[in-house]
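As stored in data37.txt (compact mmCIF, C-alpha atoms):
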```txt
# COMPACT_ATOMS: atom_id res chain seq x y z
CA MET A 15 -5.41 -9.76 31.10
CA ILE A 16 -4.48 -9.40 27.44
CA GLU A 17 -7.09 -11.01 25.20
CA PHE A 18 -6.49 -12.53 21.80
CA TYR A 19 -9.10 -13.49 19.24
CA ILE A 20 -8.44 -15.07 15.87
CA ASN A 21 -11.38 -15.14 13.47
CA GLY A 22 -13.74 -14.69 16.41
CA GLN A 23 -12.23 -17.52 18.53
CA GLN A 24 -10.43 -16.66 21.75
CA VAL A 25 -6.90 -18.10 21.92
CA ASP A 26 -4.28 -18.29 24.68
CA VAL A 27 -1.16 -16.34 23.84
CA GLN A 28 1.97 -15.85 25.95
CA ILE A 29 3.31 -12.30 25.91
CA GLU A 30 7.10 -12.38 26.32
CA ASP A 31 9.18 -9.22 25.78
CA GLU A 32 6.60 -7.25 23.81
CA GLN A 33 6.34 -3.68 25.12
CA THR A 34 4.15 -1.99 22.51
CA ILE A 35 1.11 -2.89 20.43
CA GLY A 36 3.47 -2.85 17.43
CA ASP A 37 5.71 -5.51 19.04
CA VAL A 38 2.70 -7.80 19.42
CA LEU A 39 1.53 -7.14 15.85
CA LYS A 40 5.00 -7.86 14.49
CA SER A 41 5.40 -11.12 16.41
CA PHE A 42 1.88 -12.21 15.41
CA GLN A 43 2.73 -11.42 11.78
CA SER A 44 5.80 -13.70 11.86
CA THR A 45 3.80 -16.48 13.53
CA CYS A 46 1.29 -16.18 10.69
CA GLU A 47 4.00 -16.33 8.03
CA GLU A 48 5.48 -19.48 9.63
CA ASN A 49 2.04 -21.06 9.47
CA GLN A 50 1.12 -20.07 5.90
CA ALA A 51 -1.42 -17.52 7.05
CA ALA A 52 -1.92 -13.82 6.39
CA VAL A 53 -3.57 -11.13 8.48
CA ILE A 54 -6.45 -9.45 6.62
CA GLY A 55 -7.92 -7.44 9.51
CA ILE A 56 -6.78 -6.13 12.90
CA THR A 57 -8.84 -4.60 15.69
CA VAL A 58 -7.22 -3.41 18.92
CA ASP A 59 -9.51 -2.50 21.81
CA SER A 60 -12.49 -2.44 19.42
CA LYS A 61 -10.78 0.07 17.10
CA GLN A 62 -9.96 -1.06 13.61
CA VAL A 63 -6.28 -0.76 12.68
CA THR A 64 -5.90 0.51 9.11
CA ALA A 65 -2.93 1.44 6.96
CA ASP A 66 -3.59 5.07 7.90
CA ASN A 67 -3.49 4.68 11.68
CA PHE A 68 -1.15 1.65 11.89
CA ASP A 69 2.05 3.50 12.91
CA GLU A 70 0.26 5.56 15.52
CA LYS A 71 -1.45 2.48 17.01
CA ALA A 72 1.74 0.38 16.85
CA ALA A 73 3.63 2.97 18.93
CA GLU A 74 1.14 2.72 21.81
CA PRO A 75 2.36 0.85 24.90
CA LEU A 76 0.82 -2.52 25.63
CA GLY A 77 -1.88 -2.26 28.32
CA LYS A 78 -2.64 -4.93 30.90
CA ASP A 79 -5.99 -5.66 29.28
CA THR A 80 -5.42 -4.83 25.64
CA LYS A 81 -7.77 -6.80 23.41
CA PHE A 82 -6.47 -7.96 20.00
CA GLU A 83 -8.78 -9.31 17.30
CA PHE A 84 -7.22 -10.68 14.15
CA HIS A 85 -8.86 -11.86 10.97
CA ILE A 86 -6.60 -14.21 9.13
CA VAL A 87 -6.74 -16.35 6.03
CA THR A 88 -4.65 -19.47 5.45
CA VAL A 89 -3.21 -21.05 2.33
CA SER A 90 -5.29 -24.19 2.94
CA GLU A 91 -8.51 -22.14 3.16
CA ILE A 92 -7.70 -20.45 -0.15
CA LYS A 93 -6.92 -23.81 -1.76
CA ALA A 94 -10.23 -25.17 -0.49
CA SER A 95 -12.06 -22.12 -1.90
CA PHE A 96 -10.36 -22.53 -5.28
CA ASP A 97 -11.35 -26.20 -5.25
CA LYS A 98 -14.98 -25.34 -4.54
CA LEU A 99 -14.94 -22.63 -7.21
CA SER A 100 -13.43 -25.05 -9.70
CA ASP A 101 -16.41 -27.38 -9.26
CA LEU A 102 -18.76 -24.41 -9.41
CA PHE A 103 -17.32 -23.14 -12.71
CA ALA A 104 -17.44 -26.67 -14.18
CA GLU A 105 -21.13 -26.81 -13.24
CA LEU A 106 -21.74 -23.32 -14.69
CA ALA A 107 -20.01 -24.34 -17.91
CA LYS A 108 -22.53 -27.19 -18.21
CA GLN A 109 -25.40 -24.78 -17.58
CA MET A 110 -24.08 -22.35 -20.21
CA GLU A 111 -23.86 -25.16 -22.73
CA GLU A 112 -27.54 -25.87 -22.15
CA VAL A 113 -28.66 -22.23 -22.55
CA PRO A 114 -29.61 -22.51 -26.27
CA VAL A 115 -31.87 -25.50 -25.58
CA ALA A 116 -33.28 -23.88 -22.43
CA LEU A 117 -34.13 -20.72 -24.39
CA GLN A 118 -35.84 -22.73 -27.14
CA SER A 119 -37.95 -24.47 -24.51
CA GLY A 120 -38.91 -21.11 -22.98
CA LYS A 121 -36.98 -21.69 -19.74
CA ASN A 122 -35.94 -18.04 -19.51
CA LEU A 123 -36.12 -18.05 -15.73
CA GLU A 124 -33.59 -20.88 -15.51
CA VAL A 125 -31.32 -18.97 -17.89
CA SER A 126 -31.44 -15.80 -15.79
CA GLU A 127 -30.72 -17.89 -12.68
CA SER A 128 -27.61 -19.30 -14.39
CA ILE A 129 -26.49 -15.79 -15.33
CA LYS A 130 -26.91 -14.60 -11.75
CA ASN A 131 -24.91 -17.58 -10.47
CA LEU A 132 -22.21 -16.83 -13.01
CA ALA A 133 -21.92 -13.18 -11.92
CA ASP A 134 -21.81 -14.19 -8.23
CA SER A 135 -19.15 -16.83 -8.90
CA ILE A 136 -16.92 -14.42 -10.79
CA GLU A 137 -17.19 -11.95 -7.92
CA GLN A 138 -16.36 -14.70 -5.43
CA PHE A 139 -13.45 -15.81 -7.59
CA CYS A 140 -12.02 -12.26 -7.71
CA HIS A 141 -12.24 -12.05 -3.92
CA VAL A 142 -10.39 -15.36 -3.43
CA ALA A 143 -7.82 -14.43 -6.10
CA THR A 144 -7.13 -11.18 -4.20
CA LEU A 145 -6.53 -13.18 -1.02
CA ALA A 146 -4.32 -15.63 -2.94
CA SER A 147 -2.12 -12.73 -4.01
CA LEU A 148 -1.07 -12.46 -0.33
CA PHE A 149 0.81 -15.74 -0.88
CA PRO A 150 2.75 -15.15 -4.13
CA GLU A 151 5.16 -18.03 -3.45
CA THR A 152 2.30 -20.55 -3.14
CA PHE A 153 -0.05 -19.30 -5.85
CA THR A 154 2.42 -18.57 -8.63
CA ASN A 155 0.49 -20.14 -11.47
CA THR A 156 -2.25 -17.58 -11.80
CA SER A 157 -2.80 -17.94 -15.50
CA MET A 158 -5.24 -19.60 -17.86
CA ASN A 159 -3.94 -20.85 -21.17
CA GLY A 160 -0.86 -18.71 -20.56
CA ILE A 161 -2.89 -15.53 -20.00
CA ASN A 162 -2.81 -14.03 -16.51
CA PHE A 163 -6.13 -13.73 -14.67
CA LYS A 164 -6.31 -9.98 -15.06
CA ASP A 165 -5.97 -10.09 -18.88
CA PHE A 166 -8.25 -13.13 -19.05
CA PHE A 167 -11.04 -11.23 -17.29
CA ALA A 168 -10.35 -8.06 -19.25
CA GLU A 169 -11.03 -10.15 -22.36
CA PHE A 170 -13.98 -11.94 -20.75
CA SER A 171 -15.78 -8.80 -19.49
CA PRO A 172 -16.94 -7.46 -22.90
CA ILE A 173 -18.34 -10.93 -23.70
CA LEU A 174 -20.37 -10.88 -20.49
CA LYS A 175 -21.50 -7.34 -21.35
CA ASP A 176 -22.69 -8.50 -24.81
CA PHE A 177 -24.46 -11.36 -23.08
CA GLU A 178 -26.23 -8.93 -20.74
CA ASP A 179 -27.26 -6.76 -23.70
CA ALA A 180 -28.57 -9.78 -25.59
CA LEU A 181 -30.54 -10.74 -22.50
CA GLN A 182 -32.17 -7.30 -22.28
CA ASN A 183 -32.96 -7.29 -26.02
CA ASN A 184 -34.31 -10.82 -25.79
CA ASP A 185 -31.89 -11.80 -28.58
CA THR A 186 -32.05 -15.55 -28.05
CA VAL A 187 -29.77 -16.38 -31.01
CA MET A 188 -27.01 -14.16 -29.65
CA LEU A 189 -27.55 -15.52 -26.11
CA GLY A 190 -27.27 -19.08 -27.33
CA ASP A 191 -24.11 -18.42 -29.36
CA LEU A 192 -22.35 -16.47 -26.63
CA SER A 193 -23.11 -18.98 -23.90
CA GLU A 194 -22.13 -22.03 -25.95
CA TYR A 195 -19.10 -20.76 -27.90
CA GLU A 196 -17.67 -17.93 -25.80
CA ILE A 197 -18.66 -18.32 -22.16
CA CYS A 198 -18.75 -22.10 -21.74
CA PRO A 199 -15.14 -22.75 -22.97
CA ARG A 200 -13.82 -19.94 -20.77
CA LEU A 201 -15.58 -21.33 -17.71
CA LYS A 202 -13.97 -24.71 -18.42
CA ASP A 203 -10.59 -22.95 -18.59
CA ILE A 204 -11.21 -21.26 -15.24
CA SER A 205 -12.28 -24.56 -13.69
CA LYS A 206 -9.13 -26.33 -14.99
CA ALA A 207 -6.82 -23.53 -13.83
CA LEU A 208 -8.36 -23.54 -10.36
CA LYS A 209 -8.02 -27.33 -10.06
CA ALA A 210 -4.32 -26.94 -10.89
CA MET A 211 -3.84 -24.43 -8.08
```
In structure tokens, what does this structure look like?
Amino acid sequence: MIEFYINGQQVDVQIEDEQTIGDVLKSFQSTCEENQAAVIGITVDSKQVTADNFDEKAAEPLGKDTKFEFHIVTVSEIKASFDKLSDLFAELAKQMEEVPVALQSGKNLEVSESIKNLADSIEQFCHVATLASLFPETFTNTSMNGINFKDFFAEFSPILKDFEDALQNNDTVMLGDLSEYEICPRLKDISKALKAM
């Protein structure tokens, strides 16, 4: 009995003329494309299929009890993630705007919490953006103020680095300026761009 799992859930699948593991992978791939989904992980009989061993695995004949596990991501999931991130960045922009006042009132702990959230959100954003690149026809507008994401972050990174340095040197003036005039407007841009996606 051939078993199929998608994102951990067992599904019923009819095998028609597929003879090899590759035939099944190919037909699953086209089903995904028709349904605005992309495969991001494949395991066959508990062995992970990678770019390196794909051809070898694909050539193997289909067994009577081959077990397929697919990890997929859909366009709607990515849109939902972008939506969530948009709200998150809008909230972070607000927090960054309040950094100068927070620092003056000695709320350094709150400020470091905001910084941590910011770093986590950017990491999360990069992960979702990578997944979005699997659907170039859907997520074409990947720019902020006409700058593509990659250049935007290349420009943003040194600012975050300065911010980190200011944090370590306890330079509250620099922290306040960077968060209010450099980081906050950029977070608003990210939030707007994500809403538009």
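Put simply, CA of Ile20 in chain A is 17.4 Å away from CA of Asp37 in chain A.
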(message) Can you measure CA of Lys71 in chain A to CA of Glu32 in chain A for me? One decimal in Å is fine.
(response) 14.3 Å
When you look at range 75-92 of chain A with a cut-off of 6 Å (counting all atoms listed in the file), what residues show up, excluding the ones that are within fewer than 6 positions of it in the same chain? I need them as a PDB file with C-alpha atoms, keeping the file's coordinate frame.
```pdb
ATOM      1  CA  MET A  15      -5.410  -9.760  31.100  1.00  0.00           C
ATOM      2  CA  ILE A  16      -4.480  -9.400  27.440  1.00  0.00           C
ATOM      3  CA  GLU A  17      -7.090 -11.010  25.200  1.00  0.00           C
ATOM      4  CA  PHE A  18      -6.490 -12.530  21.800  1.00  0.00           C
ATOM      5  CA  TYR A  19      -9.100 -13.490  19.240  1.00  0.00           C
ATOM      6  CA  ILE A  20      -8.440 -15.070  15.870  1.00  0.00           C
ATOM      7  CA  ASN A  21     -11.380 -15.140  13.470  1.00  0.00           C
ATOM      8  CA  GLN A  33       6.340  -3.680  25.120  1.00  0.00           C
ATOM      9  CA  THR A  34       4.150  -1.990  22.510  1.00  0.00           C
ATOM     10  CA  ILE A  35       1.110  -2.890  20.430  1.00  0.00           C
ATOM     11  CA  GLN A  50       1.120 -20.070   5.900  1.00  0.00           C
ATOM     12  CA  ALA A  51      -1.420 -17.520   7.050  1.00  0.00           C
ATOM     13  CA  ALA A  52      -1.920 -13.820   6.390  1.00  0.00           C
ATOM     14  CA  VAL A  53      -3.570 -11.130   8.480  1.00  0.00           C
ATOM     15  CA  ILE A  54      -6.450  -9.450   6.620  1.00  0.00           C
ATOM     16  CA  GLY A  55      -7.920  -7.440   9.510  1.00  0.00           C
ATOM     17  CA  ILE A  56      -6.780  -6.130  12.900  1.00  0.00           C
ATOM     18  CA  THR A  57      -8.840  -4.600  15.690  1.00  0.00           C
ATOM     19  CA  VAL A  58      -7.220  -3.410  18.920  1.00  0.00           C
ATOM     20  CA  ASP A  59      -9.510  -2.500  21.810  1.00  0.00           C
TER      21      ASP A  59
END
```
(request) Can you pull out every residue within 12 Å of Asp134 in chain A, counting only C-alpha atoms, but drop anything in the same chain fewer than 6 positions away, and send it as a ChimeraX atom specification? (result) /A:99,102-103,106,127-128,140-141
(request) Rounded to one decimal place, report the CA of Ala180 in chain A-CA of Glu137 in chain A distance in Å. (result)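 CA of Glu137 in chain A lies at a distance of 21.1 Å from CA of Ala180 in chain A.
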